[in-house]
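J.: Take this structure, written in structure tokens, and hold onto it; I'll ask about it next.
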Number of protein chains: 2
Amino acid sequence: MSDDLAVQTAGPGAVGGRATLSRIAREASVSVSTASKVLNGRPGVSPDTREIVERLLDRHGYSRRGAELAQGSLIELVFEYIDSSWSLEIIRGVEKVARQHGMSVTLTETGARRSTGEGWVESIISRKPVGVILVFSDIDPAYRRQLHTRNIPVVVVDPAGDPGPEVAAIGSTNWSGGMAATRHLIELGHRRIGLISGPQDLMCSRARVSGYRSALEEAGIPLDETILRRGEFIPEAGRVLALELLQLDDRPTAIFAGNDMQAFGVYEAARSLGISIPEQLSVVGYDDVPPAKWVGPALTTIRQPLIEMAEEATRLVLKLRSETVDNIRLDLATSLVVRGSTAAPPTP
Amino acid sequence: MSDDLAVQTAGPGAVGGRATLSRIAREASVSVSTASKVLNGRPGVSPDTREIVERLLDRHGYSRRGAELAQGSLIELVFEYIDSSWSLEIIRGVEKVARQHGMSVTLTETGARRSTGEGWVESIISRKPVGVILVFSDIDPAYRRQLHTRNIPVVVVDPAGDPGPEVAAIGSTNWSGGMAATRHLIELGHRRIGLISGPQDLMCSRARVSGYRSALEEAGIPLDETILRRGEFIPEAGRVLALELLQLDDRPTAIFAGNDMQAFGVYEAARSLGISIPEQLSVVGYDDVPPAKWVGPALTTIRQPLIEMAEEATRLVLKLRSETVDNIRLDLATSLVVRGSTAAPPTP
């Protein structure tokens, strides 16, 4: 163990002086062995003691030597839930770059959105990975500090929430995507465009809705709140909300769904009501997951370069372990993919 | 390191006596440190030396103490390619059981079917996982021995090839699945049932084709080789082969596809020829991946309980590290899921 030698320039919040592990142990009134257990994410330390030591590690700006960690061969990929084609694309992108570097990927599912689930951070620390890729952004700041004091770089991919400016993150241009989807429908002649959006607390949903509003405004089409709906990013939500929209007296001629999963639910709702796509209803999705090509008709959607985003995040996390990177925020471009689910509105 | 104490009863092929690591090092004319590097999958040993040490480990029936490994918290999940909804279902099942046991899952993509790709076994060994789940069955026997001498249990999930009887494996009833799909079409009145199967060298493909033949035979329908095709388990293969079948003068009224991915390709071929499903063509898939519900019409398919198979494989691998398990082969039942893609054949 070379923990005690592991001193670097003090980070923000440091109180100065050599923050050796033995000094931290002394201040916490614990043995060096206990402090080392906390540092290495090993069990056998009470939560209270762990918290005291963590706080001191952070306060002293303790930071492990980079060289020790750089030898590892694991990249940690952390999801809240692994639950859709979307997750698979991310896994594939991370795995691809990891393999090019002779590394493997460890998956963790924390099991709750914006989780404060127990134990997963300690597990990660104990494996000494070269870096962590988070597929959700609003990680508890205490967890972020824990990773920081161990010198484990973190990159957020697709920031659905709103990571602070100091957080390394790869996203995509959600506002432009929402704008492009809506413009496409307007250009086809639609004026009554229903919107099903993702959860309001996710930044990506809000950005897409904002793009939708901007496109309407640009075209001089007044916003009609009665054809806006909001729900989870799953087919069932799309189905239920589309049923509502499609049973309105003055139903929309097009629906822009929050993601492809919701769009698949819109298809189901339309089928069950005998409304044909695209003749009677145009549908646009978001993401371009592989099944979008297989549904009938194939789905017009906004392509989010998920694999590339994951690749970029992995390359960034590998860079961060050994060098200072100036540009730690990157939004990759989205693009409109026109397939069979959109057409001119039916003539009244 | 307690490698040198790590002696257990000699396995098959052992030459008797205490097979300590120092004895193995002596016989290989290398240092104990070199032998230990090989044992722990660490770098810095020439391929030749590695092979000599491996052979001696195997010959002496060397086996690491279980207790040392049982402490680990990693399960290794090895794919050839992570490339479809199918892979995601497996990942989800493994991850679910791993999480229940406070463990994490490390993913490896070997990158070639029935791979002899370099290095991934050493990486796995160096991480000291509690077990390995392989999503392909014909692993090189040398790799199997490497894992065996380290006392790392291996379970194969969905044996697509033909693992020997000594190999722990979770599969599903492919023959019954092929039979059920074909019977369903026969019961609807179809007599001319095209078959698109997966690759011939995969045992699962052969079992499904064999189930198809048995169902035809049972109904007294002669086998027509001209409407049998074979290809990779991807949509594009399904599309190309379905185009061939659907352009025959006496085209089939139904197609049983090797898996759902191929079935999605059949949909595309039918759409491009203006043939409507199920009115003019019935289609049955295989697997029941999530998109099967979203395509239009929703796909009738054989449900392979992929998540449950992965869960079962994970439970088995966890059991194997600490106890002798009598039943190391298990085939979970498949079932027919009737949706919208099958109907009576068109009246001529």
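Identifiers for the structure tokens are assigned positionally: chains receive A, B, ... in sequence, residues are indexed from 1 per chain, and ligands are indexed from 1 in the order shown.
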Set the distance at 6 Å and use only C-alpha atoms: which residues neighbour Ala25 of chain B once local chain neighbours fewer than 6 positions away are removed? I'd like the list as number ranges by chain.
T.: B: 31-32, 35
J.: With only C-alpha atoms as the counted atoms, please give the residues lying no more than 8 Å from Arg213 of chain A, apart from itself and same-chain residues fewer than 3 positions off, as number ranges by chain.
T.: A: 179, 209-210, 216-217, 223
J.: Mind writing the picked residues with N, CA and C atoms as a PDB file, in the first residue's frame?
T.:
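Full text of again_39.pdb as output:
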ATOM      1  N   MET A 179     -36.529  21.124 -32.428  1.00  0.00           N
ATOM      2  CA  MET A 179     -36.795  22.116 -33.477  1.00  0.00           C
ATOM      3  C   MET A 179     -36.904  21.403 -34.842  1.00  0.00           C
ATOM      4  N   VAL A 209     -38.880  20.104 -25.772  1.00  0.00           N
ATOM      5  CA  VAL A 209     -40.144  20.841 -25.775  1.00  0.00           C
ATOM      6  C   VAL A 209     -39.894  22.288 -26.189  1.00  0.00           C
ATOM      7  N   SER A 210     -38.797  22.826 -25.698  1.00  0.00           N
ATOM      8  CA  SER A 210     -38.467  24.203 -26.021  1.00  0.00           C
ATOM      9  C   SER A 210     -38.173  24.347 -27.518  1.00  0.00           C
ATOM     10  N   LEU A 216     -42.723  26.232 -33.674  1.00  0.00           N
ATOM     11  CA  LEU A 216     -44.092  26.713 -33.867  1.00  0.00           C
ATOM     12  C   LEU A 216     -44.107  28.235 -33.990  1.00  0.00           C
ATOM     13  N   GLU A 217     -43.404  28.845 -33.066  1.00  0.00           N
ATOM     14  CA  GLU A 217     -43.337  30.303 -33.024  1.00  0.00           C
ATOM     15  C   GLU A 217     -42.795  30.864 -34.341  1.00  0.00           C
ATOM     16  N   LEU A 223     -49.336  28.206 -29.839  1.00  0.00           N
ATOM     17  CA  LEU A 223     -49.195  27.003 -29.022  1.00  0.00           C
ATOM     18  C   LEU A 223     -50.559  26.636 -28.443  1.00  0.00           C
TER      19      LEU A 223
END
J.: Contacts from chain A to chain B, 6 Å maximum, only C-alpha atoms: show me the residue list as an NGL selection string.
T.: :A and (104-108 or 264 or 294-296)
J.: Once DSSP has gone over the backbone, tell me which residues of segment 77-217 of chain B are in alpha helix (DSSP H), as number ranges by chain.
T.: B: 85-100, 120-126, 141-149, 174-187, 203-217
J.: Give the answer as one residue: which of B:Ile234, B:Leu241, B:Ile186, B:Ala19 has the shortest atom-to-atom distance to Leu56 of chain B, using only C-alpha atoms?
T.: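 The closest residue to Leu56 of chain B is B:Ala19.
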J.: Please give the complete set of residues from segment 115-269 of chain B that DSSP, run on the backbone, assigns to strand (DSSP E), formatted as a ChimeraX atom specification.
T.: /B:131-134,154-157,168-172,193-197,228-230,254-257
J.: Residues near segment 320-337 of chain A, anyone? I mean within 8 Å using only C-alpha atoms, not counting same-chain ones fewer than 5 positions away, as a list in words.
T.: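 What passes the distance filter is Gly66, Ala70, Val130, Gly131, Asn151, Ile152, Pro153, Val167, Ala168, Ala169, Ile170, Gly171, Ser172, Thr173, Asn174, Ser176, Gly177, Ala180, Ala181, Thr300, Thr301, Ile302, Arg303, Gln304, Pro305 and Met309 of chain A.
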J.: What's around Pro47 of chain B at 12 Å? Count only C-alpha atoms, leave out sequence neighbours fewer than 3 positions away in its own chain, and write the answer as a list of chain:residue names.
T.: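 So, after excluding close chain neighbours, the residues are B:Val38, B:Gly41, B:Pro43, B:Gly44, B:Arg50, B:Glu51, B:Ile52, B:Val53, B:Glu54, B:Glu118, B:Gly119, B:Glu122.
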